[in-house]
>>> print(open('my_file13.txt').read())   # compact mmCIF, C-alpha atoms
# COMPACT_ATOMS: atom_id res chain seq x y z
CA MET A 1 59.72 68.31 73.00
CA LEU A 2 59.05 67.96 69.27
CA TYR A 3 56.28 69.93 67.65
CA LEU A 4 55.16 70.99 64.22
CA ASP A 5 55.17 74.70 63.50
CA ASP A 6 51.59 75.22 62.32
CA LYS A 7 52.35 78.65 60.87
CA GLN A 8 53.69 77.07 57.68
CA GLU A 9 51.34 75.90 54.99
CA GLY A 10 51.64 72.85 52.81
CA ASP A 11 53.39 69.61 53.61
CA CYS A 12 53.69 69.06 57.37
CA MET A 13 57.30 67.96 56.90
CA SER A 14 58.36 70.92 54.78
CA LYS A 15 61.65 72.63 55.57
CA ASN A 16 61.99 74.36 58.93
CA ASN A 17 58.69 73.27 60.46
CA LEU A 18 59.98 70.55 62.81
CA LYS A 19 61.68 72.03 65.84
CA VAL A 20 62.76 71.08 69.35
CA VAL A 21 61.84 73.36 72.22
CA ASP A 22 64.64 73.48 74.77
CA GLY A 23 64.19 75.99 77.58
CA GLY A 24 62.30 78.29 75.23
CA ASN A 25 65.07 78.16 72.62
CA GLU A 26 64.19 76.57 69.28
CA VAL A 27 66.83 74.23 67.91
CA GLU A 28 66.33 72.99 64.35
CA LYS A 29 66.61 69.21 64.09
CA GLU A 30 65.28 68.55 60.60
CA ASN A 31 68.67 67.84 59.02
CA ARG A 32 69.66 65.45 61.83
CA ILE A 33 66.34 63.62 61.56
CA VAL A 34 66.65 63.27 57.79
CA ASP A 35 70.28 62.08 58.09
CA TYR A 36 69.31 59.57 60.77
CA ILE A 37 66.41 58.16 58.72
CA LYS A 38 68.59 57.90 55.60
CA SER A 39 71.26 56.02 57.57
CA LEU A 40 68.69 53.76 59.22
CA SER A 41 67.11 52.98 55.87
CA ALA A 42 70.50 52.10 54.37
CA LEU A 43 71.31 49.81 57.30
CA GLU A 44 67.95 48.04 57.12
CA THR A 45 68.41 47.52 53.38
CA GLU A 46 71.85 46.00 53.98
CA MET A 47 70.50 43.74 56.76
CA GLU A 48 67.63 42.27 54.72
CA PRO A 49 69.66 39.50 53.02
CA TYR A 50 70.85 38.29 56.43
CA LYS A 51 67.29 38.29 57.77
CA GLU A 52 66.24 36.22 54.76
CA GLN A 53 69.09 33.76 55.43
CA LYS A 54 67.95 33.43 59.04
CA ARG A 55 64.36 32.71 57.96
CA ASP A 56 65.58 30.21 55.35
CA LEU A 57 67.78 28.46 57.94
CA LYS A 58 64.84 28.04 60.31
CA GLN A 59 62.57 26.85 57.51
CA ASN A 60 65.20 24.33 56.36
CA TYR A 61 65.52 22.80 59.85
CA VAL A 62 61.74 22.56 60.23
CA GLU A 63 61.15 21.13 56.73
CA ASN A 64 63.85 18.47 57.23
CA GLY A 65 62.32 17.48 60.54
CA TRP A 66 65.55 18.21 62.41
CA LEU A 67 63.89 20.64 64.84
CA SER A 68 60.38 21.93 65.45
CA LYS A 69 59.56 25.64 65.52
CA GLU A 70 59.17 25.36 69.29
CA GLU A 71 62.59 23.72 69.70
CA ILE A 72 64.21 26.42 67.57
CA SER A 73 62.47 29.12 69.59
CA ALA A 74 63.65 27.61 72.88
CA ALA A 75 67.20 27.20 71.57
CA VAL A 76 67.30 30.84 70.41
CA LYS A 77 65.94 32.06 73.76
CA ALA A 78 68.60 30.06 75.61
CA TYR A 79 71.31 31.40 73.29
CA ARG A 80 70.20 34.99 73.83
CA MET A 81 70.01 34.51 77.59
CA MET A 82 73.54 33.12 77.66
CA LYS A 83 74.78 35.86 75.36
CA SER A 84 73.36 38.56 77.65
CA GLU A 85 74.73 36.73 80.72
CA VAL A 86 71.37 36.24 82.44
CA ASP A 87 71.66 34.94 86.00
CA LEU A 88 70.04 31.51 85.59
CA GLU A 89 69.57 31.03 89.35
CA GLN A 90 67.66 34.29 89.57
CA MET A 91 65.66 33.36 86.46
CA ARG A 92 64.72 30.04 88.09
CA ASP A 93 63.60 31.88 91.24
CA PHE A 94 61.32 34.06 89.11
CA PHE A 95 59.90 31.02 87.32
CA ASP A 96 59.17 29.39 90.68
CA LEU A 97 57.55 32.58 91.97
CA TYR A 98 55.38 32.92 88.87
CA SER A 99 54.35 29.28 89.10
CA LYS A 100 53.31 29.65 92.74
CA ALA A 101 51.41 32.85 92.01
CA LYS A 102 49.94 31.31 88.85
CA VAL A 103 50.81 34.51 86.96
CA CYS A 104 51.29 32.80 83.61
CA GLY A 105 48.45 30.68 82.32
>>> encode(input="my_file13.txt", output="structure tokens")
Amino acid sequence: MLYLDDKQEGDCMSKNNLKVVDGGNEVEKENRIVDYIKSLSALETEMEPYKEQKRDLKQNYVENGWLSKEEISAAVKAYRMMKSEVDLEQMRDFFDLYSKAKVCG
């Protein structure tokens, strides 16, 4: 469980105030947390140009009238389902069940 050591004054994220309680033993995690956040930040910065390309690609297809936003959304959902090897028969059974129960809309 994470907690802030309230015995220290000043900034709540100052050195040595973030600890993990593990069976009564305190294990300092501050350096790992900082390293993780720095790495995550660097990755997100590197990914941003690709995210922009993806948005531009979608916008290009919509502006040229090649596909609507809804068609792109459906195509992406189908792609992700195939990529994650979703059982389409089982998915159809769930759709049928939801339709009968009028769960969605």
>>> residues_around(input="my_file13.txt", residues="A:Ile72", least_positions_apart="3", cutoff="12 Å", atoms="only C-alpha atoms", output="CSV table (one decimal) with C-alpha atoms, keeping the file's coordinate frame")
chain,number,residue,atom,x,y,z
A,54,LYS,CA,68.0,33.4,59.0
A,55,ARG,CA,64.4,32.7,58.0
A,57,LEU,CA,67.8,28.5,57.9
A,58,LYS,CA,64.8,28.0,60.3
A,59,GLN,CA,62.6,26.8,57.5
A,60,ASN,CA,65.2,24.3,56.4
A,61,TYR,CA,65.5,22.8,59.8
A,62,VAL,CA,61.7,22.6,60.2
A,65,GLY,CA,62.3,17.5,60.5
A,66,TRP,CA,65.6,18.2,62.4
A,67,LEU,CA,63.9,20.6,64.8
A,68,SER,CA,60.4,21.9,65.4
A,69,LYS,CA,59.6,25.6,65.5
A,75,ALA,CA,67.2,27.2,71.6
A,76,VAL,CA,67.3,30.8,70.4
A,77,LYS,CA,65.9,32.1,73.8
A,78,ALA,CA,68.6,30.1,75.6
A,79,TYR,CA,71.3,31.4,73.3
>>> atom_distance(input="my_file13.txt", atom1="atom CA of A:Arg80", atom2="atom CA of A:Met47")
19.2 Å
>>> atom_distance(input="my_file13.txt", atom1="atom CA of A:Val34", atom2="atom CA of A:Glu52")
27.2 Å
>>> atom_distance(input="my_file13.txt", atom1="atom CA of A:Gln53", atom2="atom CA of A:Ile37")
24.8 Å
>>> axis_aligned_box(input="my_file13.txt", around="stretch 77-87 of chain A", padding_each_side="8 Å", output="JSON")
{"center_x": 70.4, "center_y": 34.3, "center_z": 79.6, "size_x": 24.8, "size_y": 24.5, "size_z": 28.7}
